[in-house]
file input.cif (mmCIF, C-alpha atoms)
data_data
loop_
_atom_site.label_atom_id
_atom_site.label_comp_id
_atom_site.auth_asym_id
_atom_site.auth_seq_id
_atom_site.Cartn_x
_atom_site.Cartn_y
_atom_site.Cartn_z
CA MET L 867 3.99 12.73 32.51
CA SER L 868 7.38 14.20 31.64
CA THR L 869 9.10 13.76 28.31
CA SER L 870 12.50 14.98 29.54
CA ARG L 871 13.17 12.92 32.68
CA GLN L 872 15.83 10.20 32.69
CA LEU L 873 15.10 6.50 33.11
CA GLN L 874 16.05 4.91 36.45
CA ARG L 875 19.43 3.11 36.63
CA GLU L 876 18.52 -0.45 37.68
CA LEU L 877 20.78 -2.74 35.59
CA GLY L 878 23.98 -4.24 37.02
CA VAL L 879 26.64 -6.28 35.19
CA LEU L 880 24.77 -9.59 35.53
CA GLY L 881 21.45 -8.12 34.42
CA ALA L 882 23.03 -6.30 31.47
CA THR L 883 24.98 -9.41 30.42
CA MET L 884 21.83 -11.54 30.54
CA MET L 885 19.97 -8.89 28.53
CA GLY L 886 22.74 -9.12 25.95
CA LEU L 887 22.62 -12.92 25.86
CA GLY L 888 18.83 -12.82 25.57
CA SER L 889 19.13 -10.46 22.60
CA ILE L 890 21.90 -12.42 20.85
CA ILE L 891 21.02 -16.07 21.36
CA GLY L 892 17.86 -16.63 19.37
CA THR L 893 17.01 -16.59 15.69
CA GLY L 894 20.73 -16.55 14.85
CA VAL L 895 21.77 -19.86 16.33
CA PHE L 896 18.45 -21.64 15.75
CA VAL L 897 17.89 -20.45 12.16
CA SER L 898 20.76 -18.60 10.47
CA ILE L 899 23.30 -21.41 10.91
CA GLY L 900 21.15 -23.45 8.51
CA ILE L 901 20.90 -20.59 6.01
CA ALA L 902 24.67 -19.97 6.14
CA ALA L 903 25.41 -23.71 5.76
CA GLY L 904 23.27 -23.74 2.60
CA ILE L 905 25.47 -20.97 1.18
CA ALA L 906 28.98 -21.87 2.41
CA GLY L 907 28.73 -25.58 3.21
CA SER L 908 31.12 -26.70 5.94
CA GLY L 909 32.63 -23.24 5.68
CA VAL L 910 29.78 -22.11 7.92
CA ILE L 911 32.17 -22.78 10.81
CA LEU L 912 34.57 -20.19 9.36
CA ALA L 913 31.63 -17.85 8.74
CA VAL L 914 30.64 -18.12 12.41
CA ALA L 915 34.22 -17.20 13.41
CA ILE L 916 34.49 -14.30 10.93
CA GLY L 917 31.10 -12.96 12.03
CA ALA L 918 32.31 -13.15 15.64
CA ILE L 919 35.53 -11.21 14.91
CA VAL L 920 33.62 -8.40 13.18
CA ALA L 921 31.03 -8.38 15.96
CA ILE L 922 33.68 -8.21 18.70
CA CYS L 923 35.27 -5.15 17.03
CA ASN L 924 31.85 -3.51 16.87
CA GLY L 925 30.97 -4.62 20.38
CA LEU L 926 34.06 -3.03 21.91
CA ASN L 927 33.42 0.22 20.06
CA SER L 928 29.77 0.18 21.14
CA ALA L 929 30.96 -0.42 24.70
CA GLN L 930 33.29 2.59 24.82
CA LEU L 931 30.68 4.84 23.20
CA ALA L 932 28.00 3.73 25.66
CA ALA L 933 30.39 4.10 28.59
CA SER L 934 31.22 7.71 27.65
CA HIS L 935 27.68 8.64 26.59
CA PRO L 936 25.27 6.45 28.64
CA VAL L 937 21.83 7.44 27.37
CA SER L 938 19.02 5.51 25.66
CA GLY L 939 19.24 5.30 21.89
CA GLY L 940 22.60 3.65 21.13
CA THR L 941 24.18 4.62 17.81
CA TYR L 942 21.33 7.01 17.05
CA GLU L 943 22.60 9.18 19.91
CA TYR L 944 26.30 8.59 19.15
CA GLY L 945 25.75 9.69 15.55
CA TYR L 946 24.19 12.93 16.73
CA ARG L 947 26.87 13.60 19.34
CA TYR L 948 30.03 12.66 17.45
CA LEU L 949 29.06 12.84 13.75
CA THR L 950 26.13 14.67 12.11
CA PRO L 951 22.34 14.70 12.66
CA TRP L 952 21.90 13.03 9.26
CA LEU L 953 24.09 10.07 10.19
CA GLY L 954 22.53 9.89 13.65
CA PHE L 955 19.07 9.74 12.14
CA THR L 956 20.18 7.13 9.59
CA ALA L 957 21.44 4.90 12.40
CA GLY L 958 18.15 5.16 14.29
CA TRP L 959 16.13 4.62 11.12
CA MET L 960 18.14 1.51 10.15
CA PHE L 961 17.76 0.08 13.64
CA MET L 962 13.99 0.61 13.62
CA LEU L 963 13.51 -0.99 10.20
CA ALA L 964 15.73 -4.00 10.78
CA LYS L 965 14.72 -4.85 14.31
CA THR L 966 10.96 -4.37 13.91
CA ALA L 967 11.01 -6.96 11.12
CA SER L 968 13.32 -9.20 13.19
CA ALA L 969 10.96 -8.99 16.16
CA ALA L 970 8.02 -10.04 13.98
CA THR L 971 10.09 -12.95 12.65
CA ALA L 972 10.98 -14.00 16.21
CA ALA L 973 7.29 -13.98 17.16
CA LEU L 974 6.40 -16.08 14.12
CA GLY L 975 9.36 -18.38 14.81
CA PHE L 976 8.13 -18.95 18.35
CA ALA L 977 4.64 -19.68 17.07
CA GLY L 978 6.00 -22.13 14.47
CA TYR L 979 8.03 -24.08 17.04
CA LEU L 980 5.05 -24.13 19.41
CA GLN L 981 2.79 -25.51 16.69
CA ARG L 982 5.26 -28.27 15.82
CA PHE L 983 5.72 -29.06 19.51
CA PHE L 984 1.99 -29.74 19.98
CA GLY L 985 1.33 -31.08 16.46
CA LEU L 986 -0.88 -28.14 15.49
CA PHE L 987 -1.20 -26.68 12.00
CA GLY L 988 -2.71 -23.70 10.19
CA GLN L 989 -1.51 -20.24 9.15
CA GLY L 990 -4.31 -18.53 11.06
CA LEU L 991 -3.29 -20.22 14.31
CA LEU L 992 0.37 -19.38 13.63
CA VAL L 993 -0.42 -15.66 13.34
CA ALA L 994 -2.75 -15.74 16.37
CA ILE L 995 -0.08 -17.34 18.59
CA ALA L 996 2.53 -14.86 17.36
CA LEU L 997 0.22 -11.90 18.08
CA LEU L 998 -0.49 -13.23 21.58
CA SER L 999 3.25 -13.54 22.28
CA VAL L 1000 3.82 -9.94 21.13
CA LEU L 1001 0.99 -8.73 23.40
CA ILE L 1002 2.24 -10.61 26.49
CA LEU L 1003 5.86 -9.51 26.12
CA THR L 1004 4.85 -5.91 25.37
CA ILE L 1005 2.93 -5.92 28.67
CA ILE L 1006 6.01 -7.31 30.48
CA VAL L 1007 8.24 -4.58 29.02
CA TRP L 1008 5.59 -1.96 29.82
CA THR L 1009 5.70 -2.95 33.52
CA GLY L 1010 9.35 -1.86 33.77
CA ILE L 1011 12.98 -2.90 33.33
CA ARG L 1012 13.11 -4.85 36.62
CA ARG L 1013 10.34 -7.30 35.69
CA SER L 1014 11.72 -7.47 32.13
CA ASN L 1015 15.11 -8.39 33.59
CA PHE L 1016 13.69 -11.22 35.74
CA ALA L 1017 11.71 -12.62 32.78
CA ASN L 1018 14.79 -12.40 30.55
CA ILE L 1019 17.05 -14.27 33.02
CA ALA L 1020 14.53 -17.14 33.20
CA ILE L 1021 14.20 -17.27 29.40
CA VAL L 1022 17.96 -17.16 28.74
CA SER L 1023 18.70 -19.85 31.32
CA ILE L 1024 16.38 -22.34 29.60
CA THR L 1025 17.83 -21.49 26.17
CA LEU L 1026 21.43 -21.95 27.34
CA LEU L 1027 20.63 -25.29 28.95
CA SER L 1028 18.99 -26.58 25.74
CA LEU L 1029 22.00 -25.57 23.62
CA CYS L 1030 24.42 -27.19 26.07
CA PHE L 1031 22.28 -30.34 25.82
CA PHE L 1032 22.51 -30.15 22.01
CA ILE L 1033 26.31 -29.90 22.11
CA LEU L 1034 26.73 -32.76 24.60
CA ALA L 1035 24.20 -34.97 22.79
CA GLY L 1036 25.87 -34.42 19.42
CA LEU L 1037 29.49 -34.87 20.51
CA PRO L 1038 29.62 -38.71 20.22
CA THR L 1039 28.22 -38.70 16.66
CA ALA L 1040 30.33 -35.67 15.72
CA ALA L 1041 33.46 -37.47 16.93
CA THR L 1042 32.80 -40.54 14.74
CA SER L 1043 31.42 -38.77 11.62
CA GLY L 1044 33.27 -35.49 11.86
CA ILE L 1045 36.23 -36.35 9.59
CA ASP L 1046 33.97 -37.30 6.68
CA ASN L 1047 31.59 -34.35 7.11
CA LEU L 1048 34.38 -31.80 7.45
CA THR L 1049 36.39 -32.87 4.39
CA ARG L 1050 35.06 -29.94 2.30
CA PHE L 1051 35.80 -27.39 5.00
CA PHE L 1052 36.22 -24.42 2.65
CA PRO L 1053 33.30 -23.17 0.50
CA ASN L 1054 33.35 -23.19 -3.30
CA SER L 1055 34.06 -19.45 -3.48
CA ILE L 1056 35.23 -16.63 -1.25
CA GLY L 1057 32.00 -14.83 -2.17
CA ASP L 1058 29.94 -17.61 -0.56
CA LEU L 1059 32.04 -17.38 2.59
CA LEU L 1060 31.64 -13.60 2.80
CA HIS L 1061 27.88 -13.83 2.14
CA ALA L 1062 27.54 -16.43 4.92
CA SER L 1063 29.73 -14.32 7.22
CA ALA L 1064 27.47 -11.30 6.69
CA LEU L 1065 24.45 -13.39 7.68
CA MET L 1066 26.21 -14.88 10.71
CA PHE L 1067 27.33 -11.42 11.85
CA VAL L 1068 23.65 -10.58 12.40
CA ALA L 1069 23.43 -13.57 14.74
CA TYR L 1070 25.73 -11.69 17.16
CA THR L 1071 24.26 -8.21 16.99
CA GLY L 1072 21.99 -8.35 20.01
CA TYR L 1073 24.83 -6.95 22.16
CA GLY L 1074 23.78 -3.53 20.87
CA ARG L 1075 20.75 -3.80 23.13
CA ILE L 1076 23.05 -3.32 26.12
CA ALA L 1077 24.24 -0.03 24.64
CA THR L 1078 20.72 1.17 23.81
CA MET L 1079 19.83 0.72 27.50
CA GLY L 1080 22.88 2.66 28.73
CA GLU L 1081 20.65 5.13 30.55
CA GLU L 1082 19.37 2.28 32.77
CA ALA L 1083 22.78 0.82 33.72
CA ARG L 1084 24.36 1.41 37.13
CA ASN L 1085 27.95 2.73 36.87
CA PRO L 1086 27.76 2.57 33.03
CA ARG L 1087 31.49 3.08 32.39
CA ARG L 1088 32.16 -0.21 34.17
CA THR L 1089 28.90 -2.10 33.62
CA ILE L 1090 28.41 -1.67 29.86
CA PRO L 1091 31.88 -2.70 28.56
CA LYS L 1092 32.05 -5.63 30.97
CA ALA L 1093 28.56 -6.85 30.02
CA ILE L 1094 29.16 -6.53 26.27
CA ILE L 1095 32.54 -8.30 26.35
CA THR L 1096 31.21 -11.12 28.57
CA ALA L 1097 28.12 -11.64 26.41
CA MET L 1098 30.19 -11.63 23.19
CA VAL L 1099 32.81 -14.13 24.38
CA LEU L 1100 30.19 -16.55 25.75
CA THR L 1101 28.13 -16.31 22.56
CA MET L 1102 31.12 -16.83 20.25
CA LEU L 1103 32.23 -19.96 22.10
CA LEU L 1104 28.67 -21.32 22.13
CA TYR L 1105 28.02 -20.62 18.43
CA ILE L 1106 31.31 -22.17 17.27
CA ALA L 1107 30.64 -25.27 19.38
CA VAL L 1108 27.10 -25.59 17.98
CA ALA L 1109 28.32 -25.13 14.37
CA ILE L 1110 31.11 -27.71 14.74
CA VAL L 1111 28.81 -30.29 16.34
CA ALA L 1112 25.99 -29.71 13.84
CA VAL L 1113 28.18 -29.92 10.71
CA SER L 1114 30.22 -32.83 12.08
CA ALA L 1115 27.15 -34.84 13.11
CA VAL L 1116 25.01 -34.63 9.94
CA GLY L 1117 27.00 -32.74 7.32
CA ALA L 1118 26.55 -29.26 5.87
CA ASP L 1119 24.23 -30.46 3.08
CA VAL L 1120 21.62 -31.73 5.55
CA LEU L 1121 22.02 -28.65 7.73
CA GLY L 1122 21.70 -26.29 4.75
CA LYS L 1123 18.43 -27.81 3.54
CA ALA L 1124 16.78 -27.38 6.95
CA THR L 1125 16.60 -23.58 6.99
CA ALA L 1126 13.42 -23.42 9.12
CA ALA L 1127 14.66 -25.45 12.09
CA PRO L 1128 18.18 -26.78 11.35
CA LEU L 1129 19.16 -27.75 14.90
CA GLU L 1130 15.91 -29.63 15.39
CA VAL L 1131 16.67 -31.64 12.22
CA VAL L 1132 20.14 -32.44 13.57
CA MET L 1133 18.68 -33.59 16.87
CA SER L 1134 16.11 -35.81 15.14
CA ARG L 1135 18.96 -37.48 13.19
CA LEU L 1136 20.76 -38.21 16.45
CA GLY L 1137 17.77 -40.27 17.58
CA ILE L 1138 17.92 -39.31 21.26
CA PRO L 1139 14.54 -39.85 22.99
CA GLY L 1140 13.00 -36.51 23.90
CA GLY L 1141 15.90 -34.64 22.30
CA THR L 1142 13.87 -32.73 19.72
CA GLN L 1143 11.36 -31.70 22.40
CA ILE L 1144 14.12 -30.33 24.65
CA LEU L 1145 15.62 -28.41 21.75
CA ALA L 1146 12.21 -27.10 20.70
CA ILE L 1147 11.64 -25.72 24.21
CA GLY L 1148 15.02 -23.99 24.03
CA ALA L 1149 14.20 -22.57 20.60
CA MET L 1150 10.87 -21.23 21.83
CA THR L 1151 12.42 -19.52 24.85
CA ALA L 1152 15.16 -18.14 22.59
CA MET L 1153 12.59 -16.57 20.25
CA LEU L 1154 10.73 -15.11 23.24
CA GLY L 1155 14.00 -13.73 24.62
CA VAL L 1156 14.80 -12.06 21.31
CA LEU L 1157 11.29 -10.62 21.09
CA LEU L 1158 11.43 -9.31 24.68
CA ASN L 1159 14.80 -7.64 24.17
CA LEU L 1160 13.87 -6.21 20.79
CA ILE L 1161 10.79 -4.55 22.26
CA LEU L 1162 13.05 -3.14 24.99
CA GLY L 1163 15.70 -1.89 22.55
CA LEU L 1164 13.28 -0.55 19.94
CA SER L 1165 11.26 1.38 22.52
CA ARG L 1166 14.47 3.00 23.86
CA VAL L 1167 15.60 4.08 20.38
CA LEU L 1168 12.11 5.43 19.67
CA LEU L 1169 12.28 7.29 23.02
CA ALA L 1170 15.57 8.89 21.95
CA MET L 1171 14.18 9.84 18.52
CA GLY L 1172 11.13 11.39 20.19
CA ARG L 1173 13.35 13.47 22.49
CA ARG L 1174 15.07 14.93 19.43
CA ARG L 1175 11.75 15.42 17.60
CA ASP L 1176 12.76 13.03 14.81
CA MET L 1177 9.61 11.18 15.82
CA PRO L 1178 6.45 12.64 17.44
CA ARG L 1179 7.25 14.05 20.90
CA ILE L 1180 4.62 11.87 22.59
CA VAL L 1181 6.83 8.75 22.22
CA ALA L 1182 9.38 10.33 24.58
CA ARG L 1183 6.93 10.26 27.50
CA LEU L 1184 7.91 8.23 30.59
CA ASN L 1185 5.57 6.64 33.10
CA GLN L 1186 5.15 8.16 36.58
CA THR L 1187 7.99 6.11 38.13
CA GLY L 1188 10.45 6.90 35.32
CA THR L 1189 11.09 3.21 34.60
CA THR L 1190 9.42 2.85 31.18
CA PRO L 1191 8.80 4.92 28.03
CA ASP L 1192 5.22 3.66 28.02
CA VAL L 1193 4.00 5.19 24.74
CA ALA L 1194 7.13 4.05 22.86
CA VAL L 1195 6.68 0.49 24.17
CA TRP L 1196 3.10 0.27 22.90
CA VAL L 1197 3.92 1.92 19.57
CA MET L 1198 6.62 -0.68 18.93
CA GLY L 1199 4.36 -3.50 20.10
CA ILE L 1200 1.71 -2.39 17.58
CA ALA L 1201 4.31 -2.02 14.80
CA ILE L 1202 5.64 -5.54 15.42
CA ALA L 1203 2.11 -6.95 15.55
CA SER L 1204 1.32 -5.28 12.22
CA LEU L 1205 4.22 -7.08 10.54
CA VAL L 1206 3.17 -10.36 12.18
CA LEU L 1207 -0.20 -10.05 10.38
CA ILE L 1208 1.59 -10.28 7.04
CA GLY L 1209 2.78 -13.79 7.94
CA ASN L 1210 6.38 -14.85 7.41
CA VAL L 1211 8.81 -12.13 6.25
CA LYS L 1212 10.97 -14.23 3.90
CA THR L 1213 13.81 -11.78 3.34
CA THR L 1214 14.02 -10.47 6.91
CA TRP L 1215 17.34 -12.04 7.74
CA SER L 1216 19.21 -10.76 4.67
CA PHE L 1217 17.58 -7.35 5.02
CA SER L 1218 18.60 -7.27 8.66
CA ALA L 1219 22.16 -8.15 7.65
CA PHE L 1220 22.47 -5.12 5.37
CA THR L 1221 20.71 -2.61 7.63
CA VAL L 1222 22.51 -3.76 10.78
CA LEU L 1223 25.91 -3.62 9.06
CA ILE L 1224 25.20 -0.02 8.00
CA TYR L 1225 24.08 0.73 11.57
CA TYR L 1226 27.34 -0.59 13.01
CA ALA L 1227 29.42 1.13 10.34
CA ILE L 1228 28.05 4.38 11.78
CA THR L 1229 28.86 3.09 15.29
CA ASN L 1230 32.50 2.57 14.33
CA LEU L 1231 32.64 5.94 12.57
CA ALA L 1232 31.38 7.58 15.77
CA ALA L 1233 33.98 5.67 17.82
CA LEU L 1234 36.72 7.20 15.65
CA GLN L 1235 35.62 10.63 16.87
CA LEU L 1236 35.87 9.83 20.59
CA PRO L 1237 38.21 12.17 22.51
CA GLU L 1238 41.33 10.40 23.76
CA ARG L 1239 40.27 10.85 27.39
CA ASP L 1240 37.10 8.82 26.72
CA ARG L 1241 38.74 6.11 24.60
CA LEU L 1242 38.92 2.65 26.20
CA TYR L 1243 40.35 0.78 23.19
CA PRO L 1244 42.81 1.66 20.38
CA LYS L 1245 41.63 3.63 17.36
CA TRP L 1246 42.56 0.89 14.87
CA LEU L 1247 39.77 -1.23 16.32
CA ALA L 1248 37.18 1.28 15.09
CA LEU L 1249 38.86 1.45 11.65
CA LEU L 1250 38.82 -2.36 11.38
CA GLY L 1251 35.16 -2.52 12.41
CA LEU L 1252 34.17 0.23 9.96
CA ALA L 1253 35.96 -1.42 7.01
CA ALA L 1254 34.56 -4.87 7.82
CA CYS L 1255 30.97 -3.62 8.12
CA LEU L 1256 31.01 -1.68 4.84
CA PHE L 1257 32.73 -4.57 3.06
CA LEU L 1258 30.34 -7.29 4.26
CA ALA L 1259 27.18 -5.19 3.79
CA PHE L 1260 27.33 -5.47 0.01
CA TRP L 1261 27.83 -9.24 -0.09
CA VAL L 1262 24.12 -9.87 0.54
CA GLU L 1263 21.80 -10.18 -2.48
CA GLN L 1264 21.81 -7.12 -4.73
CA GLN L 1265 18.06 -6.57 -4.46
CA ILE L 1266 18.38 -6.50 -0.68
CA TRP L 1267 21.04 -3.79 -0.48
CA LEU L 1268 19.34 -1.78 -3.24
CA THR L 1269 16.11 -1.88 -1.22
CA GLY L 1270 18.08 -0.89 1.87
CA LEU L 1271 19.63 2.11 0.13
CA GLY L 1272 16.17 3.13 -1.08
CA LEU L 1273 14.79 3.01 2.45
CA ILE L 1274 17.74 5.05 3.76
CA LEU L 1275 16.86 7.71 1.17
CA ALA L 1276 13.18 7.59 2.20
CA GLY L 1277 14.15 8.03 5.84
CA LEU L 1278 16.39 10.99 5.09
CA ILE L 1279 13.55 12.66 3.16
CA TRP L 1280 11.33 12.19 6.23
CA HIS L 1281 14.09 13.67 8.41
CA PHE L 1282 14.35 16.72 6.14
CA VAL L 1283 10.57 17.25 6.17
CA ALA L 1284 10.48 16.89 10.00
CA GLN L 1285 13.27 19.46 10.37
CA GLN L 1286 11.48 21.91 8.12
CA ALA L 1287 8.24 21.40 10.08
CA ARG L 1288 10.08 22.26 13.34
#
call {"tool": "encode", "arguments": {"input": "input.cif", "output": "structure tokens"}}
result
Amino acid sequence: MSTSRQLQRELGVLGATMMGLGSIIGTGVFVSIGIAAGIAGSGVILAVAIGAIVAICNGLNSAQLAASHPVSGGTYEYGYRYLTPWLGFTAGWMFMLAKTASAATAALGFAGYLQRFFGLFGQGLLVAIALLSVLILTIIVWTGIRRSNFANIAIVSITLLSLCFFILAGLPTAATSGIDNLTRFFPNSIGDLLHASALMFVAYTGYGRIATMGEEARNPRRTIPKAIITAMVLTMLLYIAVAIVAVSAVGADVLGKATAAPLEVVMSRLGIPGGTQILAIGAMTAMLGVLLNLILGLSRVLLAMGRRRDMPRIVARLNQTGTTPDVAVWVMGIAIASLVLIGNVKTTWSFSAFTVLIYYAITNLAALQLPERDRLYPKWLALLGLAACLFLAFWVEQQIWLTGLGLILAGLIWHFVAQQAR
């Protein structure tokens, strides 16, 4: 089994776009809208828009980097190529920390929705269902990108249909109650709005999975930018519509108190027969889609880190057909399962906000270094994305960003030790 061969290019624009949608539409829309509403009130609608603007800047810069340097690893590779090994490693390290915890949360979220759907209870059963979901989706990813792509398209289609149902079902109530529920449109403080915007930014960040799979895209200079832009525009429109309908229908106070399953609470208030069940099915498929795409993205970043010897060389091994980094897939599956055993990771979302914003700050910094011949978009876009990421990163809770800085330091120490060992 070779550790230096390239993965096969099997993703077209549709497949890459659906992979992006599967990575983006999940925990963000089904969970973080409630968290952000609890912080910013009706201003969550503004937070969704601000998060989208920052994400679009980052998405375009990710697209032009991936188009000019289409290999697995995303910003980890861009940092190495256009910046320094230390920044490249930091990007990969941040991605691994944030997304492993997010994948475990997605598995637990799926298990929680499934339990409520069938009226089952118990922490032990919750963890068992989550572990089983991690195992099944790890096997799907292990079988190759083509099967993963088919599974993802089915999952995303169900999720999109359930969210469209939510918007259409909530429109009549939103139209009659919207004026009253939107009277306090702006939050009490700009700090609350920025905090909520940082959390909502994370709800868009799955587009980076398209970039991390650049090595598997056909005609990457065309496929990757087109897929990222399409996925981002569709997600932004969907999220804003969901936020407006949810806040208008029940009010930000109700939405903010339902942090576990806010959209399900909204649907139950609407009183539509079978509505909560339809939404629950969409939520479950969304969590599975996130988990599937996180295993894909994490294994590709681990593959890239193994190739550079920042991680053990064995994780860079490909299967015989060159379609899967088989060892990396199983290592990430085991890592996610280990976090699932802990139960619910309470601070995952805020931690992900900080680490992902640092990750994309490095993305924008790398985009600034692109040669003019490789640049698809103006340089000011990278400057705007860099400033926005660094600014928003430190609006999460202080203990979160202090922990994040500590883990960056720990990762850099590991990197130094690994270099010395080589």
call {"tool": "residues_around", "arguments": {"input": "input.cif", "residues": "L:Phe976", "least_positions_apart": "6", "cutoff": "8 Å", "atoms": "all atoms listed in the file", "output": "JSON list (two decimals) with C-alpha atoms, in the coordinates of the input"}}
result
[["chain", "number", "residue", "atom", "x", "y", "z"],
["L", 996, "ALA", "CA", 2.53, -14.86, 17.36],
["L", 1149, "ALA", "CA", 14.20, -22.57, 20.60],
["L", 1150, "MET", "CA", 10.87, -21.23, 21.83],
["L", 1151, "THR", "CA", 12.42, -19.52, 24.85],
["L", 1153, "MET", "CA", 12.59, -16.57, 20.25],
["L", 1154, "LEU", "CA", 10.73, -15.11, 23.24]]
call {"tool": "closest_residue", "arguments": {"input": "input.cif", "among": "L:Met884, L:Leu1026, L:Ala1219, L:Leu1164", "to": "L:Cys1255", "atoms": "only C-alpha atoms"}}
result
L:Ala1219
call {"tool": "residues_near_point", "arguments": {"input": "input.cif", "point": "(30.4, -25.3, 7.4)", "cutoff": "10 Å", "atoms": "all atoms listed in the file", "output": "JSON, numbers by chain"}}
result
{"L": [899, 900, 902, 903, 904, 905, 906, 907, 908, 909, 910, 911, 912, 913, 914, 1047, 1048, 1050, 1051, 1052, 1053, 1059, 1062, 1109, 1110, 1112, 1113, 1114, 1117, 1118, 1119, 1121, 1122]}
call {"tool": "atom_distance", "arguments": {"input": "input.cif", "atom1": "atom CA of L:Phe1217", "atom2": "atom CA of L:Ala972"}}
result
14.6 Å
call {"tool": "resolve_selection", "arguments": {"input": "input.cif", "expression": "the PyMOL selection byres ((chain L and resi 1196) around 10)", "output": "JSON, numbers by chain"}}
result
{"L": [1001, 1004, 1005, 1007, 1008, 1161, 1165, 1181, 1191, 1192, 1193, 1194, 1195, 1197, 1198, 1199, 1200, 1201, 1202]}
call {"tool": "resolve_selection", "arguments": {"input": "input.cif", "expression": "the PyMOL selection byres ((chain L and resi 1216) around 12)", "output": "ChimeraX atom specification"}}
result
/L:894,898,901-902,964,967-968,1061-1069,1211-1215,1217-1223,1258-1270
call {"tool": "residues_around", "arguments": {"input": "input.cif", "residues": "stretch 1229-1242 of chain L", "least_positions_apart": "6", "cutoff": "10 Å", "atoms": "only C-alpha atoms", "output": "PyMOL selection string"}}
result
chain L and resi 923-931+933-935+940-950+953-954+957+1087+1091+1223+1248-1253+1255
call {"tool": "write_last_selection", "arguments": {"input": "input.cif", "atoms": "C-alpha atoms", "output": "PDB file, in the frame of the given file"}}
result
ATOM      1  CA  CYS L 923      35.270  -5.150  17.030  1.00  0.00           C
ATOM      2  CA  ASN L 924      31.850  -3.510  16.870  1.00  0.00           C
ATOM      3  CA  GLY L 925      30.970  -4.620  20.380  1.00  0.00           C
ATOM      4  CA  LEU L 926      34.060  -3.030  21.910  1.00  0.00           C
ATOM      5  CA  ASN L 927      33.420   0.220  20.060  1.00  0.00           C
ATOM      6  CA  SER L 928      29.770   0.180  21.140  1.00  0.00           C
ATOM      7  CA  ALA L 929      30.960  -0.420  24.700  1.00  0.00           C
ATOM      8  CA  GLN L 930      33.290   2.590  24.820  1.00  0.00           C
ATOM      9  CA  LEU L 931      30.680   4.840  23.200  1.00  0.00           C
ATOM     10  CA  ALA L 933      30.390   4.100  28.590  1.00  0.00           C
ATOM     11  CA  SER L 934      31.220   7.710  27.650  1.00  0.00           C
ATOM     12  CA  HIS L 935      27.680   8.640  26.590  1.00  0.00           C
ATOM     13  CA  GLY L 940      22.600   3.650  21.130  1.00  0.00           C
ATOM     14  CA  THR L 941      24.180   4.620  17.810  1.00  0.00           C
ATOM     15  CA  TYR L 942      21.330   7.010  17.050  1.00  0.00           C
ATOM     16  CA  GLU L 943      22.600   9.180  19.910  1.00  0.00           C
ATOM     17  CA  TYR L 944      26.300   8.590  19.150  1.00  0.00           C
ATOM     18  CA  GLY L 945      25.750   9.690  15.550  1.00  0.00           C
ATOM     19  CA  TYR L 946      24.190  12.930  16.730  1.00  0.00           C
ATOM     20  CA  ARG L 947      26.870  13.600  19.340  1.00  0.00           C
ATOM     21  CA  TYR L 948      30.030  12.660  17.450  1.00  0.00           C
ATOM     22  CA  LEU L 949      29.060  12.840  13.750  1.00  0.00           C
ATOM     23  CA  THR L 950      26.130  14.670  12.110  1.00  0.00           C
ATOM     24  CA  LEU L 953      24.090  10.070  10.190  1.00  0.00           C
ATOM     25  CA  GLY L 954      22.530   9.890  13.650  1.00  0.00           C
ATOM     26  CA  ALA L 957      21.440   4.900  12.400  1.00  0.00           C
ATOM     27  CA  ARG L1087      31.490   3.080  32.390  1.00  0.00           C
ATOM     28  CA  PRO L1091      31.880  -2.700  28.560  1.00  0.00           C
ATOM     29  CA  LEU L1223      25.910  -3.620   9.060  1.00  0.00           C
ATOM     30  CA  ALA L1248      37.180   1.280  15.090  1.00  0.00           C
ATOM     31  CA  LEU L1249      38.860   1.450  11.650  1.00  0.00           C
ATOM     32  CA  LEU L1250      38.820  -2.360  11.380  1.00  0.00           C
ATOM     33  CA  GLY L1251      35.160  -2.520  12.410  1.00  0.00           C
ATOM     34  CA  LEU L1252      34.170   0.230   9.960  1.00  0.00           C
ATOM     35  CA  ALA L1253      35.960  -1.420   7.010  1.00  0.00           C
ATOM     36  CA  CYS L1255      30.970  -3.620   8.120  1.00  0.00           C
TER      37      CYS L1255
END
